[in-house]
>>> print(open('work26.cif').read())   # mmCIF, C-alpha atoms and all ligand atoms
data_structure
loop_
_atom_site.label_atom_id
_atom_site.label_comp_id
_atom_site.auth_asym_id
_atom_site.auth_seq_id
_atom_site.Cartn_x
_atom_site.Cartn_y
_atom_site.Cartn_z
CA MET A 19 -27.81 -12.05 22.32
CA PHE A 20 -26.45 -14.18 19.48
CA ARG A 21 -26.68 -13.47 15.79
CA LEU A 22 -27.53 -16.82 14.22
CA TYR A 23 -27.60 -15.58 10.62
CA PRO A 24 -25.71 -14.29 8.70
CA SER A 25 -22.25 -14.89 10.21
CA PRO A 26 -22.97 -16.20 13.74
CA ALA A 27 -21.57 -13.96 16.48
CA GLU A 28 -22.25 -12.66 19.96
CA VAL A 29 -23.97 -9.24 19.96
CA GLU A 30 -22.89 -6.65 22.54
CA ALA A 31 -25.80 -4.20 22.30
CA PRO A 32 -29.03 -6.05 21.47
CA HIS A 33 -31.16 -2.92 21.42
CA THR A 34 -29.13 -1.46 18.51
CA ILE A 35 -29.35 -4.38 16.04
CA TYR A 36 -31.71 -2.52 13.71
CA ASP A 37 -30.25 0.99 14.09
CA ALA A 38 -27.90 0.83 11.10
CA ILE A 39 -29.71 -1.56 8.77
CA THR A 40 -30.33 -0.47 5.20
CA PHE A 41 -33.14 -1.08 2.76
CA PRO A 42 -33.03 -1.18 -1.04
CA PRO A 43 -34.11 1.85 -3.06
CA PRO A 44 -37.91 2.11 -3.18
CA PRO A 45 -39.75 1.21 -6.36
CA PRO A 46 -41.00 4.27 -8.26
CA GLU A 47 -44.71 3.62 -7.70
CA ARG A 48 -44.82 2.96 -3.95
CA PRO A 49 -42.73 3.07 -0.74
CA TYR A 50 -40.38 0.23 0.12
CA THR A 51 -42.42 -1.43 2.88
CA TRP A 52 -41.66 -3.60 5.87
CA ILE A 53 -44.07 -5.05 8.42
CA ASN A 54 -43.20 -5.54 12.09
CA MET A 55 -45.09 -8.05 14.28
CA VAL A 56 -44.65 -10.16 17.40
CA ALA A 57 -46.16 -13.67 17.66
CA THR A 58 -46.22 -16.54 20.13
CA LEU A 59 -44.53 -19.84 19.27
CA ASP A 60 -47.92 -21.08 18.05
CA GLY A 61 -48.25 -18.06 15.79
CA ARG A 62 -50.80 -15.93 17.65
CA VAL A 63 -50.48 -12.17 17.56
CA THR A 64 -53.50 -11.47 19.79
CA LEU A 65 -54.48 -13.01 23.13
CA GLY A 66 -58.20 -13.57 23.71
CA ARG A 67 -58.78 -11.34 20.64
CA GLY A 68 -57.34 -8.40 22.57
CA ARG A 69 -59.09 -9.06 25.88
CA ILE A 70 -55.87 -10.26 27.54
CA ARG A 71 -53.45 -7.34 27.67
CA THR A 72 -50.24 -9.21 28.61
CA PRO A 73 -47.57 -8.05 26.13
CA LEU A 74 -46.54 -10.94 23.89
CA GLY A 75 -42.94 -9.84 23.55
CA SER A 76 -40.21 -8.84 25.99
CA LYS A 77 -39.01 -5.36 26.89
CA LEU A 78 -36.34 -5.78 24.21
CA ASP A 79 -39.04 -6.49 21.62
CA ARG A 80 -40.78 -3.24 22.50
CA ILE A 81 -37.49 -1.34 22.32
CA LEU A 82 -36.70 -2.79 18.89
CA MET A 83 -40.23 -2.05 17.73
CA SER A 84 -39.74 1.64 18.43
CA ARG A 85 -36.18 1.74 17.06
CA LEU A 86 -37.25 0.21 13.73
CA ARG A 87 -39.25 3.39 13.14
CA VAL A 88 -36.06 5.39 12.70
CA HIS A 89 -35.87 4.26 9.04
CA ALA A 90 -39.49 5.08 8.17
CA ASP A 91 -40.91 8.21 6.60
CA ALA A 92 -44.35 6.99 7.68
CA VAL A 93 -45.77 4.30 9.97
CA LEU A 94 -49.07 2.74 8.93
CA GLN A 95 -51.61 0.96 11.12
CA GLY A 96 -54.99 -0.59 10.43
CA ALA A 97 -57.98 0.91 12.22
CA GLY A 98 -58.37 -2.26 14.31
CA THR A 99 -54.90 -1.77 15.76
CA VAL A 100 -55.46 1.93 16.42
CA ARG A 101 -58.77 1.12 18.16
CA ASP A 102 -57.08 -1.57 20.25
CA ALA A 103 -53.78 0.09 21.14
CA GLY A 104 -54.00 3.74 20.10
CA TYR A 105 -50.33 4.63 20.54
CA PHE A 106 -48.44 7.14 18.41
CA PRO A 107 -45.42 5.53 16.65
CA ARG A 108 -42.78 7.65 18.36
CA VAL A 109 -39.07 7.42 17.64
CA PRO A 110 -36.83 7.09 20.76
CA ASP A 111 -35.08 10.32 21.83
CA ASP A 112 -31.57 9.08 21.06
CA LEU A 113 -32.46 8.30 17.43
CA ARG A 114 -34.01 11.64 16.51
CA ALA A 115 -30.65 13.19 15.58
CA GLN A 116 -30.14 10.30 13.13
CA ARG A 117 -33.46 11.20 11.53
CA ARG A 118 -32.66 14.90 11.36
CA ALA A 119 -29.28 14.10 9.75
CA ALA A 120 -31.13 12.05 7.12
CA GLY A 121 -33.38 15.05 6.40
CA ARG A 122 -36.41 13.51 8.11
CA GLU A 123 -38.94 14.85 10.59
CA GLU A 124 -38.24 13.70 14.17
CA HIS A 125 -41.27 11.42 14.07
CA PRO A 126 -42.68 9.53 11.12
CA LEU A 127 -46.07 10.44 9.72
CA ALA A 128 -48.60 8.24 11.54
CA VAL A 129 -51.09 6.89 9.00
CA VAL A 130 -54.25 4.88 9.62
CA VAL A 131 -56.50 3.23 7.03
CA THR A 132 -60.19 2.93 7.83
CA ARG A 133 -63.42 2.41 5.95
CA THR A 134 -65.56 3.81 8.73
CA CYS A 135 -63.46 6.54 10.35
CA ASP A 136 -64.70 5.04 13.62
CA LEU A 137 -61.54 5.81 15.57
CA PRO A 138 -60.57 6.78 19.16
CA PHE A 139 -59.82 10.44 18.54
CA ASP A 140 -58.67 11.02 22.13
CA ALA A 141 -55.94 8.37 21.84
CA PRO A 142 -52.23 9.31 21.71
CA PHE A 143 -52.20 8.25 18.04
CA PHE A 144 -54.06 11.49 17.31
CA ARG A 145 -52.99 13.69 20.21
CA GLN A 146 -49.36 13.03 21.04
CA VAL A 147 -47.59 14.65 18.08
CA PRO A 148 -49.87 17.28 16.55
CA GLY A 149 -49.68 17.65 12.80
CA ARG A 150 -48.18 14.20 12.18
CA THR A 151 -51.31 12.07 11.74
CA LEU A 152 -53.02 11.17 8.46
CA ILE A 153 -56.28 9.25 8.08
CA LEU A 154 -56.92 7.45 4.78
CA THR A 155 -60.61 6.68 4.52
CA THR A 156 -63.53 6.09 2.17
CA GLY A 157 -66.73 7.73 1.00
CA ARG A 158 -68.54 5.25 3.25
CA ALA A 159 -67.41 6.97 6.45
CA MET A 160 -70.18 8.87 8.29
CA PRO A 161 -69.86 12.64 7.71
CA GLU A 162 -69.91 13.37 11.46
CA ARG A 163 -67.06 10.92 12.00
CA VAL A 164 -65.06 12.58 9.23
CA GLU A 165 -65.71 15.96 10.79
CA ALA A 166 -64.51 14.72 14.19
CA ALA A 167 -61.46 13.24 12.46
CA ARG A 168 -60.57 16.52 10.78
CA ALA A 169 -60.30 18.17 14.20
CA VAL A 170 -57.33 15.96 15.13
CA ALA A 171 -55.77 14.80 11.86
CA GLU A 172 -55.53 15.31 8.14
CA VAL A 173 -58.16 13.24 6.35
CA VAL A 174 -57.90 12.01 2.77
CA VAL A 175 -60.68 10.06 1.07
CA LEU A 176 -59.18 7.40 -1.19
CA GLY A 177 -61.95 5.14 -2.48
CA GLU A 178 -65.68 4.66 -2.15
CA ASP A 179 -66.10 1.32 -0.31
CA GLN A 180 -62.53 0.67 0.70
CA VAL A 181 -59.15 2.29 0.42
CA ASP A 182 -57.40 0.82 -2.59
CA LEU A 183 -54.13 -0.14 -0.92
CA ALA A 184 -52.02 0.12 -4.09
CA GLY A 185 -53.55 3.54 -4.70
CA ALA A 186 -52.83 4.54 -1.12
CA MET A 187 -49.20 3.46 -1.52
CA ALA A 188 -48.92 5.49 -4.73
CA TYR A 189 -50.46 8.49 -2.95
CA LEU A 190 -47.99 8.23 -0.05
CA ARG A 191 -45.05 7.93 -2.42
CA ARG A 192 -45.98 10.64 -4.92
CA GLU A 193 -47.92 13.17 -2.88
CA ARG A 194 -46.38 12.74 0.56
CA GLY A 195 -42.78 11.83 -0.28
CA VAL A 196 -42.94 8.56 1.66
CA ALA A 197 -40.11 6.44 0.27
CA TYR A 198 -39.88 4.04 3.24
CA LEU A 199 -42.96 2.75 5.02
CA LEU A 200 -43.23 0.67 8.18
CA SER A 201 -46.52 -1.12 8.73
CA GLU A 202 -47.24 -2.08 12.34
CA GLY A 203 -50.22 -4.26 11.46
CA GLY A 204 -52.64 -5.59 12.21
CA PRO A 205 -53.23 -8.97 10.67
CA SER A 206 -56.04 -7.95 8.25
CA LEU A 207 -54.01 -5.10 6.86
CA ASN A 208 -50.97 -7.39 6.58
CA HIS A 209 -53.09 -9.83 4.56
CA SER A 210 -53.94 -7.10 2.06
CA PHE A 211 -50.28 -6.12 1.83
CA PHE A 212 -49.16 -9.64 1.00
CA ALA A 213 -52.17 -10.38 -1.22
CA GLN A 214 -51.35 -7.36 -3.36
CA GLY A 215 -47.57 -7.83 -3.38
CA LEU A 216 -47.03 -4.55 -1.53
CA ALA A 217 -44.94 -5.82 1.42
CA ASP A 218 -41.20 -6.25 0.90
CA GLU A 219 -40.11 -7.50 4.33
CA LEU A 220 -41.44 -9.00 7.53
CA PHE A 221 -39.76 -8.40 10.90
CA LEU A 222 -41.17 -11.02 13.24
CA THR A 223 -40.40 -11.49 16.91
CA VAL A 224 -41.16 -15.01 18.11
CA ALA A 225 -42.03 -14.85 21.79
CA PRO A 226 -41.40 -18.09 23.73
CA ARG A 227 -45.03 -18.56 24.73
CA ILE A 228 -48.08 -20.48 23.58
CA GLY A 229 -51.41 -18.71 23.11
CA GLY A 230 -53.50 -21.69 22.11
CA TYR A 231 -56.85 -20.00 21.45
CA ARG A 232 -58.12 -20.80 17.97
CA ALA A 233 -59.94 -17.50 17.57
CA ASP A 234 -56.76 -15.50 17.98
CA LEU A 235 -55.25 -13.92 14.91
CA THR A 236 -51.97 -14.77 13.22
CA ALA A 237 -49.53 -12.23 11.77
CA VAL A 238 -51.19 -12.33 8.36
CA ASP A 239 -54.87 -13.16 8.70
CA GLY A 240 -57.47 -12.76 5.99
CA PRO A 241 -60.40 -14.29 4.16
CA ALA A 242 -58.43 -16.29 1.59
CA VAL A 243 -55.30 -18.32 1.08
CA LEU A 244 -52.69 -16.15 -0.59
CA GLU A 245 -52.27 -17.25 -4.18
CA PRO A 246 -49.45 -17.69 -5.04
CA LEU A 247 -48.00 -18.14 -1.55
CA PRO A 248 -45.50 -15.36 -0.91
CA GLU A 249 -41.94 -16.73 -0.61
CA LEU A 250 -39.40 -15.13 1.72
CA GLU A 251 -35.75 -15.56 2.65
CA PRO A 252 -33.94 -14.68 5.87
CA VAL A 253 -31.98 -11.44 6.10
CA SER A 254 -31.03 -11.75 9.77
CA LEU A 255 -31.89 -13.99 12.73
CA TYR A 256 -31.06 -13.21 16.37
CA LEU A 257 -31.64 -15.14 19.60
CA HIS A 258 -31.89 -13.19 22.86
CA GLU A 259 -32.55 -15.22 25.97
CA ARG A 260 -35.54 -17.31 24.80
CA GLU A 261 -36.86 -14.97 22.12
CA LEU A 262 -36.15 -14.88 18.37
CA PHE A 263 -35.88 -11.76 16.23
CA LEU A 264 -36.37 -12.60 12.57
CA ARG A 265 -36.05 -10.40 9.51
CA TYR A 266 -37.27 -11.93 6.22
CA ARG A 267 -37.67 -10.40 2.77
CA ARG A 268 -39.79 -11.43 -0.16
CA ILE A 269 -37.98 -13.15 -2.97
CA ASP A 270 -40.89 -13.19 -5.39
CA GLY A 271 -41.28 -9.42 -5.43
CA SER A 272 -39.11 -6.36 -5.47
CA GLY A 273 -37.61 -6.71 -1.99
CA ARG A 274 -33.89 -7.33 -2.46
CA GLY A 275 -30.62 -5.96 -1.31
CA GLY A 276 -30.91 -4.67 2.30
CA GLN A 277 -28.36 -5.58 4.99
N1 LIG B 1 -48.79 -8.86 17.89
C1 LIG B 1 -48.61 -7.87 17.03
O1 LIG B 1 -47.49 -7.65 16.55
C2 LIG B 1 -49.77 -7.00 16.61
C3 LIG B 1 -49.55 -5.93 15.74
C4 LIG B 1 -50.63 -5.15 15.35
C5 LIG B 1 -51.90 -5.44 15.82
N2 LIG B 1 -52.08 -6.47 16.66
C6 LIG B 1 -53.42 -6.78 17.18
O2 LIG B 1 -54.24 -7.14 16.08
C7 LIG B 1 -55.61 -6.77 16.39
C8 LIG B 1 -56.19 -5.97 15.25
O3 LIG B 1 -56.03 -6.66 14.06
P1 LIG B 1 -57.15 -6.61 12.92
O4 LIG B 1 -56.69 -7.52 11.85
O5 LIG B 1 -58.47 -6.84 13.56
O6 LIG B 1 -57.14 -5.08 12.48
P2 LIG B 1 -56.18 -4.17 11.58
O7 LIG B 1 -55.56 -4.92 10.46
O8 LIG B 1 -55.31 -3.36 12.48
O9 LIG B 1 -57.28 -3.17 11.02
C9 LIG B 1 -58.33 -3.63 10.21
C10 LIG B 1 -59.17 -2.45 9.88
O10 LIG B 1 -58.40 -1.54 9.11
C11 LIG B 1 -59.23 -0.92 8.15
N3 LIG B 1 -58.79 -1.33 6.83
C12 LIG B 1 -57.97 -2.35 6.48
N4 LIG B 1 -57.81 -2.39 5.16
C13 LIG B 1 -58.54 -1.36 4.66
C14 LIG B 1 -58.80 -0.86 3.36
N5 LIG B 1 -58.24 -1.42 2.28
N6 LIG B 1 -59.61 0.20 3.23
C15 LIG B 1 -60.17 0.79 4.31
N7 LIG B 1 -59.98 0.37 5.56
C16 LIG B 1 -59.17 -0.69 5.73
C17 LIG B 1 -60.66 -1.36 8.45
O11 LIG B 1 -61.09 -0.41 9.41
P3 LIG B 1 -62.59 0.00 9.72
O12 LIG B 1 -63.12 -1.14 10.54
O13 LIG B 1 -62.51 1.27 10.48
O14 LIG B 1 -63.28 0.19 8.43
C18 LIG B 1 -60.43 -2.73 9.07
O15 LIG B 1 -61.50 -3.15 9.88
C19 LIG B 1 -55.56 -5.97 17.67
O16 LIG B 1 -55.92 -6.80 18.76
C20 LIG B 1 -54.10 -5.58 17.78
O17 LIG B 1 -53.66 -5.33 19.09
C21 LIG B 1 -51.06 -7.28 17.06
#
>>> encode(input="work26.cif", output="structure tokens", more="lines below")
Ligand SMILES: NC(=O)c1ccc[n+]([C@@H]2O[C@H](COP(=O)([O-])OP(=O)(O)OC[C@H]3O[C@@H](n4cnc5c(N)ncnc54)[C@H](OP(=O)(O)O)[C@@H]3O)[C@@H](O)[C@H]2O)c1
Amino acid sequence: MFRLYPSPAEVEAPHTIYDAITFPPPPPERPYTWINMVATLDGRVTLGRGRIRTPLGSKLDRILMSRLRVHADAVLQGAGTVRDAGYFPRVPDDLRAQRRAAGREEHPLAVVVTRTCDLPFDAPFFRQVPGRTLILTTGRAMPERVEAARAVAEVVVLGEDQVDLAGAMAYLRRERGVAYLLSEGGPSLNHSFFAQGLADELFLTVAPRIGGYRADLTAVDGPAVLEPLPELEPVSLYLHERELFLRYRRIDGSGRGGQ
């Protein structure tokens, strides 16, 4: 692996590049938030809208995805991602001591936002680490779904028709002590994050492949052009074999100062 930016250099241990990174202090009203995604060269983050299960990224991408969680008090996913993938955001064994030393639980709190509470309650997201899953939902969710949810997770209703994302961030920060939040997508949730100025950084792996299907989603995919367009600057860029690992932060918001 080569670090292309800042200060170009060869990297001995590619899987550790994000182990010791730092983030700026969180703003008082919400967690400092970074999003992690993997896309093809033509920008797709799904293949056949989820019907094709080939992983987009390499084994190293999946390793870095799990290692990025070491810095997070909570990991958030949209319901679409939980329905599609259903994994619990575990931290690798060798990084748990680092979390304990920082006064954190071994695994982040796994949080899902959903209007409907229509979720796969048998999936590892809900079953793998008991007591570490939180569902943020709305008054629109069917009572029987909410009841089924309460059997496997903590459920908090935050809004009537939809979860107010800024309100949810304030809740996580104030009531749950979440100072650092990792969002693992998907694209609709990412759109809300950028639309509301709630995302500070984007970690994006660019896989050396072409998807090509126009119905596939991009990393940030929503019903409207973002206005104004969020502006970002590079924090670090790495090339490993044919794949790029990019870390960008917003320069029009609060995200400044990490290394
Ligand atoms: N390549 C990558 O890095 C990557 C990463 C993540 C996901 N993905 C893929 O992306 C696809 C899913 O993306 P997606 O955009 O369809 O789904 P998504 O963003 O994961 O989830 C969207 C859903 O989240 C809930 N939601 C979002 N905002 C909400 C709010 N403010 N209040 C209440 N609920 C809210 C709604 O759930 P309800 O429908 O329950 O109301 C909504 O339908 C999957 O195929 C997944 O594998 C790819």
>>> closest_atom_pairs(input="work26.cif", of="chain A", to="ligand LIG 1 (chain B)", cutoff="7 Å", atoms="only C-alpha atoms and all ligand atoms", output="tab-separated table")
residue	atom	partner	partner_atom	distance
A:Asn54	CA	B:LIG1	O1	6.5
A:Met55	CA	B:LIG1	O1	3.3
A:Val56	CA	B:LIG1	O1	3.9
A:Ala57	CA	B:LIG1	N1	5.5
A:Val63	CA	B:LIG1	N1	3.7
A:Thr64	CA	B:LIG1	O16	5.4
A:Arg67	CA	B:LIG1	O16	5.7
A:Gly68	CA	B:LIG1	O16	4.4
A:Leu74	CA	B:LIG1	N1	6.7
A:Gln95	CA	B:LIG1	O8	5.8
A:Gly96	CA	B:LIG1	O8	3.5
A:Ala97	CA	B:LIG1	O10	4.0
A:Gly98	CA	B:LIG1	O6	3.6
A:Thr99	CA	B:LIG1	O8	3.7
A:Val100	CA	B:LIG1	O8	6.6
A:Asp102	CA	B:LIG1	O17	5.2
A:Ala103	CA	B:LIG1	O17	5.8
A:Val131	CA	B:LIG1	N7	4.7
A:Thr132	CA	B:LIG1	N7	3.4
A:Arg133	CA	B:LIG1	O14	3.3
A:Thr134	CA	B:LIG1	O14	4.3
A:Cys135	CA	B:LIG1	O13	5.4
A:Asp136	CA	B:LIG1	O13	5.4
A:Leu137	CA	B:LIG1	O13	6.9
A:Thr155	CA	B:LIG1	C15	5.9
A:Thr156	CA	B:LIG1	C15	6.6
A:Gln180	CA	B:LIG1	N6	3.9
A:Val181	CA	B:LIG1	N6	3.5
A:Asp182	CA	B:LIG1	N5	5.4
A:Leu183	CA	B:LIG1	N5	5.4
A:Glu202	CA	B:LIG1	C4	5.5
A:Gly203	CA	B:LIG1	C4	4.0
A:Gly204	CA	B:LIG1	O7	3.5
A:Pro205	CA	B:LIG1	O4	3.9
A:Ser206	CA	B:LIG1	O4	3.7
A:Leu207	CA	B:LIG1	O7	3.9
A:Asn208	CA	B:LIG1	O7	6.5
A:Ser210	CA	B:LIG1	N4	6.8
A:Leu235	CA	B:LIG1	O2	7.0
A:Ala237	CA	B:LIG1	C1	6.9
A:Asp239	CA	B:LIG1	O4	6.7
>>> closest_atom_pairs(input="work26.cif", of="segment 61-95 of chain A", to="segment 257-273 of chain A", cutoff="9 Å", atoms="only C-alpha atoms", output="Markdown table")
| residue | atom | partner | partner_atom | distance |
| --- | --- | --- | --- | --- |
| A:Gly75 | CA | A:Glu261 | CA | 8.1 |
| A:Ser76 | CA | A:Glu261 | CA | 8.0 |
| A:Leu78 | CA | A:His258 | CA | 8.7 |
| A:Asp79 | CA | A:Phe263 | CA | 8.2 |
>>> residues_around(input="work26.cif", residues="Leu247 of chain A", least_positions_apart="2", cutoff="9 Å", atoms="all atoms listed in the file", output="PyMOL selection string")
chain A and resi 212-213+243-245+249
>>> residues_near_point(input="work26.cif", point="(-52.3, 10.2, 6.0)", cutoff="7 Å", atoms="all atoms listed in the file", output="list of chain:residue names")
A:Ala128, A:Val129, A:Val130, A:Thr151, A:Leu152, A:Ile153, A:Leu154, A:Glu172, A:Val173, A:Val174
>>> write_last_selection(input="work26.cif", atoms="C-alpha atoms", output="tab-separated table (two decimals), in the coordinates of the input")
chain	number	residue	atom	x	y	z
A	128	ALA	CA	-48.60	8.24	11.54
A	129	VAL	CA	-51.09	6.89	9.00
A	130	VAL	CA	-54.25	4.88	9.62
A	151	THR	CA	-51.31	12.07	11.74
A	152	LEU	CA	-53.02	11.17	8.46
A	153	ILE	CA	-56.28	9.25	8.08
A	154	LEU	CA	-56.92	7.45	4.78
A	172	GLU	CA	-55.53	15.31	8.14
A	173	VAL	CA	-58.16	13.24	6.35
A	174	VAL	CA	-57.90	12.01	2.77
>>> atom_distance(input="work26.cif", atom1="atom CA of Tyr231 of chain A", atom2="atom CA of Lys77 of chain A")
23.7 Å
>>> residues_around(input="work26.cif", residues="segment 193-196 of chain A", least_positions_apart="4", cutoff="12 Å", atoms="all atoms listed in the file", output="PDB file with C-alpha atoms, keeping the file's coordinate frame")
ATOM      1  CA  PRO A  44     -37.910   2.110  -3.180  1.00  0.00           C
ATOM      2  CA  PRO A  45     -39.750   1.210  -6.360  1.00  0.00           C
ATOM      3  CA  PRO A  46     -41.000   4.270  -8.260  1.00  0.00           C
ATOM      4  CA  GLU A  47     -44.710   3.620  -7.700  1.00  0.00           C
ATOM      5  CA  ARG A  48     -44.820   2.960  -3.950  1.00  0.00           C
ATOM      6  CA  PRO A  49     -42.730   3.070  -0.740  1.00  0.00           C
ATOM      7  CA  TYR A  50     -40.380   0.230   0.120  1.00  0.00           C
ATOM      8  CA  THR A  51     -42.420  -1.430   2.880  1.00  0.00           C
ATOM      9  CA  HIS A  89     -35.870   4.260   9.040  1.00  0.00           C
ATOM     10  CA  ALA A  90     -39.490   5.080   8.170  1.00  0.00           C
ATOM     11  CA  ASP A  91     -40.910   8.210   6.600  1.00  0.00           C
ATOM     12  CA  ALA A  92     -44.350   6.990   7.680  1.00  0.00           C
ATOM     13  CA  VAL A  93     -45.770   4.300   9.970  1.00  0.00           C
ATOM     14  CA  LEU A  94     -49.070   2.740   8.930  1.00  0.00           C
ATOM     15  CA  GLY A 121     -33.380  15.050   6.400  1.00  0.00           C
ATOM     16  CA  ARG A 122     -36.410  13.510   8.110  1.00  0.00           C
ATOM     17  CA  GLU A 123     -38.940  14.850  10.590  1.00  0.00           C
ATOM     18  CA  PRO A 126     -42.680   9.530  11.120  1.00  0.00           C
ATOM     19  CA  LEU A 127     -46.070  10.440   9.720  1.00  0.00           C
ATOM     20  CA  ALA A 128     -48.600   8.240  11.540  1.00  0.00           C
ATOM     21  CA  VAL A 129     -51.090   6.890   9.000  1.00  0.00           C
ATOM     22  CA  ARG A 150     -48.180  14.200  12.180  1.00  0.00           C
ATOM     23  CA  LEU A 152     -53.020  11.170   8.460  1.00  0.00           C
ATOM     24  CA  VAL A 174     -57.900  12.010   2.770  1.00  0.00           C
ATOM     25  CA  GLY A 185     -53.550   3.540  -4.700  1.00  0.00           C
ATOM     26  CA  ALA A 186     -52.830   4.540  -1.120  1.00  0.00           C
ATOM     27  CA  MET A 187     -49.200   3.460  -1.520  1.00  0.00           C
ATOM     28  CA  ALA A 188     -48.920   5.490  -4.730  1.00  0.00           C
ATOM     29  CA  TYR A 189     -50.460   8.490  -2.950  1.00  0.00           C
ATOM     30  CA  LEU A 200     -43.230   0.670   8.180  1.00  0.00           C
TER      31      LEU A 200
END
>>> residues_around(input="work26.cif", residues="Ile35 of chain A", least_positions_apart="2", cutoff="12 Å", atoms="all atoms listed in the file", output="PyMOL selection string")
chain A and resi 19-21+28-33+37-40+78-79+81-83+85-86+254-258+263-265+277
>>> atom_distance(input="work26.cif", atom1="atom CA of Leu59 of chain A", atom2="atom CA of Gly230 of chain A")
9.6 Å
>>> atom_distance(input="work26.cif", atom1="atom CA of Pro110 of chain A", atom2="atom CA of Tyr23 of chain A")
26.5 Å
>>> closest_residue(input="work26.cif", among="A:Ile53, A:Ala167, A:Leu22, A:Leu113", to="Phe143 of chain A", atoms="all atoms listed in the file")
A:Ala167
>>> axis_aligned_box(input="work26.cif", around="segment 134-140 of chain A", padding_each_side="5 Å", output="lines of an AutoDock Vina configuration file")
center_x = -62.1
center_y = 7.4
center_z = 15.4
size_x = 16.9
size_y = 17.2
size_z = 23.4
